[in-house]
$ cat model-v3.pdb   # PDB, C-alpha atoms, pLDDT in the B column
MODEL        1
ATOM      1  CA  MET I   1     -31.234-141.851  47.059  1.00 39.00           C
ATOM      2  CA  SER I   2     -30.352-141.845  50.737  1.00 43.00           C
ATOM      3  CA  GLN I   3     -32.617-143.608  53.176  1.00 45.00           C
ATOM      4  CA  GLN I   4     -34.439-141.376  55.655  1.00 46.00           C
ATOM      5  CA  PRO I   5     -33.758-141.990  59.352  1.00 46.00           C
ATOM      6  CA  PHE I   6     -36.373-144.146  61.053  1.00 49.00           C
ATOM      7  CA  TYR I   7     -37.722-141.270  63.101  1.00 53.00           C
ATOM      8  CA  ARG I   8     -38.539-139.404  59.875  1.00 69.00           C
ATOM      9  CA  GLU I   9     -40.634-142.199  58.383  1.00 82.00           C
ATOM     10  CA  PRO I  10     -44.408-141.562  58.523  1.00 88.00           C
ATOM     11  CA  VAL I  11     -46.258-143.764  60.981  1.00 90.00           C
ATOM     12  CA  PHE I  12     -49.551-143.522  62.832  1.00 90.00           C
ATOM     13  CA  TRP I  13     -49.484-144.415  66.510  1.00 87.00           C
ATOM     14  CA  THR I  14     -52.713-145.166  68.347  1.00 83.00           C
ATOM     15  CA  THR I  15     -53.934-146.970  71.457  1.00 77.00           C
ATOM     16  CA  SER I  16     -56.693-149.412  72.275  1.00 68.00           C
ATOM     17  CA  ASN I  17     -58.446-146.788  74.425  1.00 70.00           C
ATOM     18  CA  ALA I  18     -57.746-143.723  72.281  1.00 65.00           C
ATOM     19  CA  GLU I  19     -61.337-142.494  72.591  1.00 66.00           C
ATOM     20  CA  GLN I  20     -61.224-142.557  76.391  1.00 69.00           C
ATOM     21  CA  ILE I  21     -57.926-140.710  76.808  1.00 66.00           C
ATOM     22  CA  GLY I  22     -58.152-138.534  73.691  1.00 68.00           C
ATOM     23  CA  PHE I  23     -54.768-139.749  72.438  1.00 75.00           C
ATOM     24  CA  ASN I  24     -55.568-139.185  68.762  1.00 83.00           C
ATOM     25  CA  SER I  25     -58.062-136.348  69.043  1.00 83.00           C
ATOM     26  CA  LEU I  26     -55.523-133.844  67.688  1.00 83.00           C
ATOM     27  CA  ASP I  27     -54.991-136.048  64.648  1.00 87.00           C
ATOM     28  CA  ARG I  28     -58.596-135.973  63.458  1.00 87.00           C
ATOM     29  CA  GLU I  29     -60.332-132.891  64.841  1.00 87.00           C
ATOM     30  CA  LYS I  30     -59.876-129.355  66.036  1.00 86.00           C
ATOM     31  CA  ARG I  31     -62.037-126.760  67.738  1.00 88.00           C
ATOM     32  CA  ILE I  32     -62.446-123.300  66.260  1.00 86.00           C
ATOM     33  CA  MET I  33     -64.667-120.273  66.785  1.00 90.00           C
ATOM     34  CA  ARG I  34     -67.177-119.645  63.997  1.00 85.00           C
ATOM     35  CA  ASP I  35     -69.945-117.050  64.025  1.00 87.00           C
ATOM     36  CA  GLY I  36     -69.370-116.442  67.711  1.00 92.00           C
ATOM     37  CA  ARG I  37     -69.586-120.049  68.844  1.00 94.00           C
ATOM     38  CA  GLU I  38     -67.224-122.972  69.262  1.00 94.00           C
ATOM     39  CA  VAL I  39     -67.478-125.721  66.646  1.00 93.00           C
ATOM     40  CA  ARG I  40     -65.617-128.989  66.198  1.00 91.00           C
ATOM     41  CA  VAL I  41     -64.122-129.599  62.769  1.00 90.00           C
ATOM     42  CA  LYS I  42     -63.182-133.165  61.828  1.00 91.00           C
ATOM     43  CA  HIS I  43     -60.473-133.899  59.269  1.00 91.00           C
ATOM     44  CA  PRO I  44     -58.647-136.999  57.978  1.00 93.00           C
ATOM     45  CA  GLN I  45     -56.021-138.379  60.336  1.00 92.00           C
ATOM     46  CA  ALA I  46     -52.385-137.697  59.439  1.00 92.00           C
ATOM     47  CA  GLY I  47     -49.223-139.588  60.305  1.00 91.00           C
ATOM     48  CA  HIS I  48     -46.593-139.068  62.981  1.00 91.00           C
ATOM     49  CA  GLN I  49     -42.810-138.831  63.076  1.00 88.00           C
ATOM     50  CA  GLY I  50     -40.853-140.431  65.875  1.00 84.00           C
ATOM     51  CA  ASP I  51     -41.672-143.342  68.163  1.00 83.00           C
ATOM     52  CA  TYR I  52     -44.683-143.941  70.374  1.00 82.00           C
ATOM     53  CA  ASP I  53     -43.316-142.013  73.364  1.00 80.00           C
ATOM     54  CA  ALA I  54     -41.991-139.010  71.426  1.00 82.00           C
ATOM     55  CA  LEU I  55     -44.189-138.558  68.403  1.00 84.00           C
ATOM     56  CA  VAL I  56     -44.394-135.420  66.294  1.00 87.00           C
ATOM     57  CA  ARG I  57     -47.666-134.862  64.454  1.00 88.00           C
ATOM     58  CA  MET I  58     -47.147-134.297  60.743  1.00 90.00           C
ATOM     59  CA  ARG I  59     -48.986-131.637  58.746  1.00 89.00           C
ATOM     60  CA  GLY I  60     -51.837-133.282  56.848  1.00 91.00           C
ATOM     61  CA  GLU I  61     -52.850-130.388  54.561  1.00 93.00           C
ATOM     62  CA  GLY I  62     -51.276-130.902  51.142  1.00 92.00           C
ATOM     63  CA  TYR I  63     -49.976-134.363  52.031  1.00 94.00           C
ATOM     64  CA  ARG I  64     -52.736-136.513  53.462  1.00 95.00           C
ATOM     65  CA  PHE I  65     -55.533-134.316  52.116  1.00 96.00           C
ATOM     66  CA  MET I  66     -56.401-131.021  50.422  1.00 96.00           C
ATOM     67  CA  THR I  67     -59.141-128.589  51.419  1.00 96.00           C
ATOM     68  CA  ILE I  68     -61.062-127.996  48.200  1.00 97.00           C
ATOM     69  CA  VAL I  69     -64.257-126.349  46.958  1.00 98.00           C
ATOM     70  CA  LYS I  70     -66.402-128.804  45.018  1.00 97.00           C
ATOM     71  CA  THR I  71     -68.972-128.259  42.261  1.00 96.00           C
ATOM     72  CA  ASN I  72     -71.776-127.611  44.745  1.00 96.00           C
ATOM     73  CA  GLY I  73     -69.733-125.033  46.665  1.00 97.00           C
ATOM     74  CA  ALA I  74     -69.051-127.300  49.642  1.00 96.00           C
ATOM     75  CA  THR I  75     -65.596-127.044  51.196  1.00 96.00           C
ATOM     76  CA  VAL I  76     -64.349-130.548  51.998  1.00 96.00           C
ATOM     77  CA  PHE I  77     -61.213-132.401  53.047  1.00 96.00           C
ATOM     78  CA  TYR I  78     -60.242-134.291  49.892  1.00 97.00           C
ATOM     79  CA  THR I  79     -58.053-137.266  50.811  1.00 96.00           C
ATOM     80  CA  LEU I  80     -55.048-138.099  48.637  1.00 96.00           C
ATOM     81  CA  THR I  81     -53.799-141.262  50.330  1.00 95.00           C
ATOM     82  CA  ASN I  82     -55.265-144.545  51.534  1.00 93.00           C
ATOM     83  CA  GLY I  83     -54.108-144.412  55.146  1.00 92.00           C
ATOM     84  CA  ALA I  84     -53.082-142.039  57.924  1.00 93.00           C
ATOM     85  CA  ALA I  85     -49.440-143.158  57.730  1.00 92.00           C
ATOM     86  CA  ASP I  86     -49.335-142.757  53.939  1.00 94.00           C
ATOM     87  CA  MET I  87     -48.120-139.182  53.523  1.00 93.00           C
ATOM     88  CA  ASP I  88     -46.951-139.359  49.903  1.00 93.00           C
ATOM     89  CA  PRO I  89     -48.942-136.810  47.847  1.00 94.00           C
ATOM     90  CA  ASN I  90     -47.238-137.968  44.647  1.00 94.00           C
ATOM     91  CA  SER I  91     -48.222-141.625  44.606  1.00 94.00           C
ATOM     92  CA  GLY I  92     -50.208-143.059  41.708  1.00 95.00           C
ATOM     93  CA  TYR I  93     -53.390-142.925  43.755  1.00 95.00           C
ATOM     94  CA  ALA I  94     -52.769-139.306  44.842  1.00 96.00           C
ATOM     95  CA  ILE I  95     -52.078-138.239  41.248  1.00 96.00           C
ATOM     96  CA  GLU I  96     -55.341-139.841  40.103  1.00 96.00           C
ATOM     97  CA  ARG I  97     -57.216-137.981  42.849  1.00 96.00           C
ATOM     98  CA  LYS I  98     -55.658-134.678  41.806  1.00 96.00           C
ATOM     99  CA  GLN I  99     -56.522-135.325  38.165  1.00 96.00           C
ATOM    100  CA  LYS I 100     -60.158-135.953  39.113  1.00 97.00           C
ATOM    101  CA  ALA I 101     -60.314-132.686  41.069  1.00 97.00           C
ATOM    102  CA  ARG I 102     -58.760-130.821  38.160  1.00 96.00           C
ATOM    103  CA  PHE I 103     -61.231-132.320  35.671  1.00 97.00           C
ATOM    104  CA  TYR I 104     -64.243-131.116  37.691  1.00 97.00           C
ATOM    105  CA  GLY I 105     -62.741-127.739  38.541  1.00 97.00           C
ATOM    106  CA  TRP I 106     -62.460-128.428  42.261  1.00 98.00           C
ATOM    107  CA  TYR I 107     -59.958-125.855  43.510  1.00 98.00           C
ATOM    108  CA  ARG I 108     -58.085-125.515  46.766  1.00 97.00           C
ATOM    109  CA  ILE I 109     -59.620-122.943  49.081  1.00 96.00           C
ATOM    110  CA  GLY I 110     -56.145-121.489  49.574  1.00 96.00           C
ATOM    111  CA  ALA I 111     -55.627-120.925  45.839  1.00 97.00           C
ATOM    112  CA  CYS I 112     -56.814-118.124  43.557  1.00 97.00           C
ATOM    113  CA  PRO I 113     -59.169-119.515  40.876  1.00 97.00           C
ATOM    114  CA  VAL I 114     -58.293-116.655  38.530  1.00 98.00           C
ATOM    115  CA  ALA I 115     -54.597-117.471  38.846  1.00 97.00           C
ATOM    116  CA  LEU I 116     -55.419-121.137  38.195  1.00 97.00           C
ATOM    117  CA  LEU I 117     -57.344-120.063  35.087  1.00 97.00           C
ATOM    118  CA  ARG I 118     -54.372-118.095  33.781  1.00 96.00           C
ATOM    119  CA  ALA I 119     -52.072-121.066  34.468  1.00 95.00           C
ATOM    120  CA  GLY I 120     -54.359-123.510  32.650  1.00 95.00           C
ATOM    121  CA  GLU I 121     -55.253-125.423  35.820  1.00 95.00           C
ATOM    122  CA  MET I 122     -58.900-124.386  35.399  1.00 97.00           C
ATOM    123  CA  HIS I 123     -60.882-123.418  32.306  1.00 96.00           C
ATOM    124  CA  PRO I 124     -63.878-121.085  31.752  1.00 96.00           C
ATOM    125  CA  GLY I 125     -66.368-123.945  31.888  1.00 96.00           C
ATOM    126  CA  HIS I 126     -65.481-124.529  35.524  1.00 97.00           C
ATOM    127  CA  PHE I 127     -66.644-121.076  36.629  1.00 97.00           C
ATOM    128  CA  VAL I 128     -70.137-120.261  37.817  1.00 97.00           C
ATOM    129  CA  ASP I 129     -69.197-116.633  38.481  1.00 97.00           C
ATOM    130  CA  GLN I 130     -68.443-115.612  34.893  1.00 96.00           C
ATOM    131  CA  SER I 131     -67.234-112.163  35.988  1.00 96.00           C
ATOM    132  CA  LEU I 132     -64.062-113.826  37.278  1.00 97.00           C
ATOM    133  CA  LEU I 133     -63.019-114.686  33.720  1.00 97.00           C
ATOM    134  CA  GLU I 134     -62.017-111.065  33.166  1.00 95.00           C
ATOM    135  CA  ALA I 135     -60.607-110.475  36.655  1.00 96.00           C
ATOM    136  CA  ALA I 136     -56.916-110.034  37.433  1.00 97.00           C
ATOM    137  CA  PRO I 137     -55.218-112.731  39.532  1.00 97.00           C
ATOM    138  CA  CYS I 138     -54.545-111.915  43.166  1.00 96.00           C
ATOM    139  CA  GLU I 139     -51.000-110.973  44.065  1.00 95.00           C
ATOM    140  CA  HIS I 140     -48.989-113.979  45.172  1.00 91.00           C
ATOM    141  CA  GLY I 141     -48.545-114.107  48.941  1.00 92.00           C
ATOM    142  CA  THR I 142     -51.673-112.101  49.746  1.00 95.00           C
ATOM    143  CA  TYR I 143     -53.879-115.163  50.215  1.00 96.00           C
ATOM    144  CA  GLY I 144     -53.677-118.710  51.512  1.00 94.00           C
ATOM    145  CA  HIS I 145     -55.500-121.560  53.239  1.00 92.00           C
ATOM    146  CA  SER I 146     -56.300-119.515  56.351  1.00 89.00           C
ATOM    147  CA  LYS I 147     -57.033-116.376  54.319  1.00 94.00           C
ATOM    148  CA  PRO I 148     -58.822-117.244  51.047  1.00 96.00           C
ATOM    149  CA  CYS I 149     -58.701-114.640  48.299  1.00 96.00           C
ATOM    150  CA  PRO I 150     -61.861-112.755  47.211  1.00 97.00           C
ATOM    151  CA  HIS I 151     -62.027-114.754  43.970  1.00 98.00           C
ATOM    152  CA  ALA I 152     -62.032-118.091  45.810  1.00 97.00           C
ATOM    153  CA  LEU I 153     -64.838-116.904  48.078  1.00 97.00           C
ATOM    154  CA  ALA I 154     -66.834-115.383  45.190  1.00 97.00           C
ATOM    155  CA  GLU I 155     -66.734-118.589  43.128  1.00 98.00           C
ATOM    156  CA  LYS I 156     -67.617-120.640  46.208  1.00 97.00           C
ATOM    157  CA  ALA I 157     -70.648-118.424  46.917  1.00 97.00           C
ATOM    158  CA  ALA I 158     -71.760-118.618  43.265  1.00 97.00           C
ATOM    159  CA  ARG I 159     -71.559-122.412  43.307  1.00 97.00           C
ATOM    160  CA  GLN I 160     -73.521-122.582  46.558  1.00 97.00           C
ATOM    161  CA  LYS I 161     -76.223-120.282  45.153  1.00 96.00           C
ATOM    162  CA  ARG I 162     -76.576-122.339  41.977  1.00 96.00           C
ATOM    163  CA  HIS I 163     -76.706-125.586  43.949  1.00 96.00           C
ATOM    164  CA  ALA I 164     -79.358-124.175  46.306  1.00 95.00           C
ATOM    165  CA  ALA I 165     -81.499-123.175  43.322  1.00 94.00           C
ATOM    166  CA  TYR I 166     -81.114-126.647  41.827  1.00 93.00           C
ATOM    167  CA  GLU I 167     -82.056-128.296  45.118  1.00 92.00           C
ATOM    168  CA  ALA I 168     -85.132-126.064  45.442  1.00 91.00           C
ATOM    169  CA  GLU I 169     -86.213-126.861  41.880  1.00 89.00           C
ATOM    170  CA  THR I 170     -85.709-130.585  42.450  1.00 88.00           C
ATOM    171  CA  ALA I 171     -87.637-130.475  45.745  1.00 86.00           C
ATOM    172  CA  ALA I 172     -90.519-128.623  44.068  1.00 81.00           C
ATOM    173  CA  SER I 173     -90.620-131.177  41.253  1.00 78.00           C
ATOM    174  CA  TYR I 174     -90.759-134.056  43.722  1.00 75.00           C
ATOM    175  CA  ALA I 175     -93.433-132.233  45.737  1.00 69.00           C
ATOM    176  CA  ASN I 176     -95.622-131.783  42.631  1.00 70.00           C
ATOM    177  CA  LYS I 177     -95.232-135.434  41.656  1.00 74.00           C
ATOM    178  CA  ALA I 178     -96.032-136.527  45.195  1.00 72.00           C
ATOM    179  CA  GLU I 179     -99.137-134.308  45.230  1.00 74.00           C
ATOM    180  CA  GLU I 180    -100.345-135.715  41.904  1.00 77.00           C
ATOM    181  CA  ALA I 181     -99.786-139.260  43.107  1.00 76.00           C
ATOM    182  CA  GLN I 182    -101.635-138.493  46.342  1.00 80.00           C
ATOM    183  CA  ARG I 183    -104.618-137.075  44.435  1.00 79.00           C
ATOM    184  CA  ALA I 184    -104.766-140.132  42.149  1.00 78.00           C
ATOM    185  CA  GLN I 185    -104.545-142.458  45.122  1.00 81.00           C
ATOM    186  CA  THR I 186    -107.270-140.573  46.971  1.00 80.00           C
ATOM    187  CA  ALA I 187    -109.579-140.696  43.919  1.00 78.00           C
ATOM    188  CA  ALA I 188    -109.024-144.444  43.563  1.00 78.00           C
ATOM    189  CA  ILE I 189    -109.772-145.023  47.249  1.00 83.00           C
ATOM    190  CA  VAL I 190    -112.961-142.940  47.080  1.00 78.00           C
ATOM    191  CA  ALA I 191    -114.161-144.805  43.964  1.00 79.00           C
ATOM    192  CA  ALA I 192    -113.463-148.184  45.562  1.00 79.00           C
ATOM    193  CA  GLN I 193    -115.262-147.185  48.748  1.00 81.00           C
ATOM    194  CA  GLN I 194    -118.271-145.975  46.731  1.00 82.00           C
ATOM    195  CA  GLN I 195    -118.497-149.283  44.877  1.00 82.00           C
ATOM    196  CA  GLN I 196    -118.283-151.211  48.134  1.00 82.00           C
ATOM    197  CA  THR I 197    -120.954-148.993  49.681  1.00 81.00           C
ATOM    198  CA  GLU I 198    -123.344-149.492  46.758  1.00 75.00           C
ATOM    199  CA  ALA I 199    -122.833-153.246  46.842  1.00 76.00           C
ATOM    200  CA  LEU I 200    -123.388-153.338  50.603  1.00 77.00           C
ATOM    201  CA  VAL I 201    -126.579-151.249  50.317  1.00 72.00           C
ATOM    202  CA  GLY I 202    -127.918-153.693  47.737  1.00 72.00           C
ATOM    203  CA  VAL I 203    -127.239-156.694  49.973  1.00 71.00           C
ATOM    204  CA  ILE I 204    -128.838-155.030  53.012  1.00 74.00           C
ATOM    205  CA  THR I 205    -131.918-153.924  51.007  1.00 72.00           C
ATOM    206  CA  SER I 206    -132.526-157.437  49.709  1.00 70.00           C
ATOM    207  CA  ALA I 207    -132.142-158.935  53.151  1.00 70.00           C
ATOM    208  CA  LEU I 208    -134.583-156.512  54.774  1.00 69.00           C
ATOM    209  CA  ASN I 209    -137.281-156.680  52.030  1.00 68.00           C
ATOM    210  CA  PRO I 210    -138.380-160.311  51.355  1.00 61.00           C
ATOM    211  CA  ARG I 211    -141.276-159.101  49.154  1.00 59.00           C
ATOM    212  CA  ALA I 212    -138.912-157.272  46.888  1.00 56.00           C
ATOM    213  CA  LYS I 213    -136.819-160.433  46.728  1.00 56.00           C
ATOM    214  CA  ALA I 214    -139.890-162.530  45.814  1.00 57.00           C
ATOM    215  CA  VAL I 215    -140.933-160.066  43.125  1.00 58.00           C
ATOM    216  CA  LYS I 216    -137.430-160.191  41.743  1.00 57.00           C
ATOM    217  CA  LEU I 217    -137.512-164.001  41.690  1.00 55.00           C
ATOM    218  CA  GLU I 218    -140.907-163.907  39.936  1.00 61.00           C
ATOM    219  CA  ALA I 219    -139.604-161.489  37.375  1.00 60.00           C
ATOM    220  CA  ASP I 220    -136.589-163.658  36.750  1.00 61.00           C
ATOM    221  CA  ALA I 221    -138.698-166.860  36.312  1.00 59.00           C
ATOM    222  CA  PRO I 222    -139.243-168.149  32.694  1.00 64.00           C
ATOM    223  CA  ALA I 223    -142.597-167.245  31.026  1.00 61.00           C
ATOM    224  CA  ASP I 224    -145.599-169.747  30.814  1.00 60.00           C
ATOM    225  CA  ASP I 225    -145.741-171.432  27.351  1.00 59.00           C
ATOM    226  CA  GLY I 226    -149.599-171.931  27.547  1.00 59.00           C
ATOM    227  CA  LYS I 227    -149.300-175.641  28.285  1.00 60.00           C
ATOM    228  CA  GLY I 228    -148.865-175.269  32.006  1.00 54.00           C
ATOM    229  CA  LYS I 229    -145.178-175.392  31.634  1.00 55.00           C
ATOM    230  CA  ARG I 230    -142.707-172.724  32.164  1.00 54.00           C
TER     231      ARG I 230
ENDMDL
END
$ encode --input "model-v3.pdb" --output "structure tokens"
Amino acid sequence: MSQQPFYREPVFWTTSNAEQIGFNSLDREKRIMRDGREVRVKHPQAGHQGDYDALVRMRGEGYRFMTIVKTNGATVFYTLTNGAADMDPNSGYAIERKQKARFYGWYRIGACPVALLRAGEMHPGHFVDQSLLEAAPCEHGTYGHSKPCPHALAEKAARQKRHAAYEAETAASYANKAEEAQRAQTAAIVAAQQQQTEALVGVITSALNPRAKAVKLEADAPADDGKGKR
């Protein structure tokens, strides 16, 4: 196998003041318009080709990371390598990452889930939207990363809806438990305060009524045995 020229080898150039001059901003973020407003999207850094003074930024999608839809419907940048200059999507680590995504049914946003189902890359248990199991795959070339197919968007929306319902159910369960705990705590505090109040009233009553205290002492004294002794 021939050795690639040096300028083709992946590398990641940076500077000590990259944040101040924005040297690497293009490597880890981009600005797009979404819902009528500008948003900043951050992504994993990707390597460069060439030397420090004449670098060419390499494409990270598919090499450094994949944009996938997870079980909860979130679209994330799923990294395949351990560093920005590591651009080998077929390393042992990258293969393990792909196998994990395949096991959980995490699909690339630029792929058609129905086509993946037909190819054996996904199975029926991965789908929340069961109507897609009978759908026909999208025509190749009509969809991609920047233009997801209707099936990819439908499954994403179904996963988001199911996850939202689960989160609401979990939040309600925690709220009920918290309310029950609060009621039990309040009852315990009220009971303790009542006991303290009763004890305090008894102490104050005895202190303010010496006659009642003397009567109590007399009542508590042992009885006379008839011989002048108690």
$ residues_around --input "model-v3.pdb" --residues "segment 137-139 of chain I" --least-positions-apart "2" --cutoff "8 Å" --atoms "all atoms listed in the file" --output "list in words"
Cys112, Pro113, Val114, Ala115, Arg118, Ala135, Gly141, Thr142, Tyr143 and Cys149 of chain I
$ closest_residue --input "model-v3.pdb" --among "I:His43, I:Arg102, I:His140, I:His151" --to "Phe77 of chain I" --atoms "all atoms listed in the file"
I:His43
$ atom_distance --input "model-v3.pdb" --atom1 "atom CA of Asn82 of chain I" --atom2 "atom CA of Glu61 of chain I"
14.7 Å
$ resolve_selection --input "model-v3.pdb" --expression "the PyMOL selection byres ((chain I and resi 46) around 6)" --output "list in words"
Gln45, Gly47, Gly60 and Ala84 of chain I
$ resolve_selection --input "model-v3.pdb" --expression "the PyMOL selection byres ((chain I and resi 109) around 8)" --output "ChimeraX atom specification"
/I:67-69,75,107-108,110-112,144-145,148,152
$ closest_residue --input "model-v3.pdb" --among "I:Gln196, I:Thr170, I:Ala191, I:Val11" --to "Met58 of chain I" --atoms "all atoms listed in the file"
I:Val11
$ atom_distance --input "model-v3.pdb" --atom1 "atom CA of Ser91 of chain I" --atom2 "atom CA of Ala54 of chain I"
27.7 Å
$ atom_distance --input "model-v3.pdb" --atom1 "atom CA of Phe127 of chain I" --atom2 "atom CA of Gly62 of chain I"
23.3 Å
$ closest_residue --input "model-v3.pdb" --among "I:Gln49, I:Asn176, I:Asn90, I:Ser131" --to "Ala158 of chain I" --atoms "all atoms listed in the file"
I:Ser131
$ closest_residue --input "model-v3.pdb" --among "I:Glu134, I:Asp51, I:Glu167, I:Asp129" --to "Phe12 of chain I" --atoms "all atoms listed in the file"
I:Asp51
$ resolve_selection --input "model-v3.pdb" --expression "the PyMOL selection byres ((chain I and resi 29) around 10)" --output "ChimeraX atom specification"
/I:24-28,30-32,40-45
$ residues_near_point --input "model-v3.pdb" --point "(-64.1, -130.9, 41.0)" --cutoff "6 Å" --atoms "all atoms listed in the file" --output "PyMOL selection string"
chain I and resi 70-71+101+104-106
$ closest_residue --input "model-v3.pdb" --among "I:Leu200, I:Met33, I:Leu55, I:Ala74" --to "Lys156 of chain I" --atoms "all atoms listed in the file"
I:Ala74
$ closest_residue --input "model-v3.pdb" --among "I:Phe103, I:Ser206, I:Leu133, I:His163" --to "Glu121 of chain I" --atoms "only C-alpha atoms"
I:Phe103
$ build_atoms --input "model-v3.pdb" --residues "segment 159-175 of chain I" --atoms "N, CA and C atoms" --output "short mmCIF file (atom, residue, chain, number, x, y, z; two decimals), in the frame of the given file"
data_model
loop_
_atom_site.label_atom_id
_atom_site.label_comp_id
_atom_site.auth_asym_id
_atom_site.auth_seq_id
_atom_site.Cartn_x
_atom_site.Cartn_y
_atom_site.Cartn_z
N ARG I 159 -71.25 -120.98 43.41
CA ARG I 159 -71.56 -122.41 43.31
C ARG I 159 -72.62 -122.81 44.33
N GLN I 160 -72.53 -122.28 45.53
CA GLN I 160 -73.52 -122.58 46.56
C GLN I 160 -74.90 -122.08 46.15
N LYS I 161 -74.95 -120.87 45.58
CA LYS I 161 -76.22 -120.28 45.15
C LYS I 161 -76.85 -121.12 44.04
N ARG I 162 -76.05 -121.53 43.07
CA ARG I 162 -76.58 -122.34 41.98
C ARG I 162 -77.06 -123.69 42.49
N HIS I 163 -76.31 -124.29 43.40
CA HIS I 163 -76.71 -125.59 43.95
C HIS I 163 -77.98 -125.47 44.76
N ALA I 164 -78.14 -124.38 45.51
CA ALA I 164 -79.36 -124.18 46.31
C ALA I 164 -80.57 -124.04 45.39
N ALA I 165 -80.40 -123.33 44.27
CA ALA I 165 -81.50 -123.18 43.32
C ALA I 165 -81.87 -124.52 42.70
N TYR I 166 -80.86 -125.32 42.39
CA TYR I 166 -81.11 -126.65 41.83
C TYR I 166 -81.84 -127.54 42.83
N GLU I 167 -81.41 -127.49 44.08
CA GLU I 167 -82.06 -128.30 45.12
C GLU I 167 -83.51 -127.87 45.32
N ALA I 168 -83.76 -126.56 45.28
CA ALA I 168 -85.13 -126.06 45.44
C ALA I 168 -86.01 -126.50 44.27
N GLU I 169 -85.46 -126.44 43.06
CA GLU I 169 -86.21 -126.86 41.88
C GLU I 169 -86.52 -128.36 41.93
N THR I 170 -85.52 -129.14 42.34
CA THR I 170 -85.71 -130.58 42.45
C THR I 170 -86.74 -130.92 43.52
N ALA I 171 -86.68 -130.23 44.67
CA ALA I 171 -87.64 -130.48 45.74
C ALA I 171 -89.05 -130.12 45.30
N ALA I 172 -89.20 -129.02 44.55
CA ALA I 172 -90.52 -128.62 44.07
C ALA I 172 -91.06 -129.64 43.08
N SER I 173 -90.20 -130.17 42.23
CA SER I 173 -90.62 -131.18 41.25
C SER I 173 -91.11 -132.44 41.95
N TYR I 174 -90.35 -132.87 42.96
CA TYR I 174 -90.76 -134.06 43.72
C TYR I 174 -92.06 -133.80 44.48
N ALA I 175 -92.21 -132.58 45.00
CA ALA I 175 -93.43 -132.23 45.74
C ALA I 175 -94.64 -132.28 44.82
#
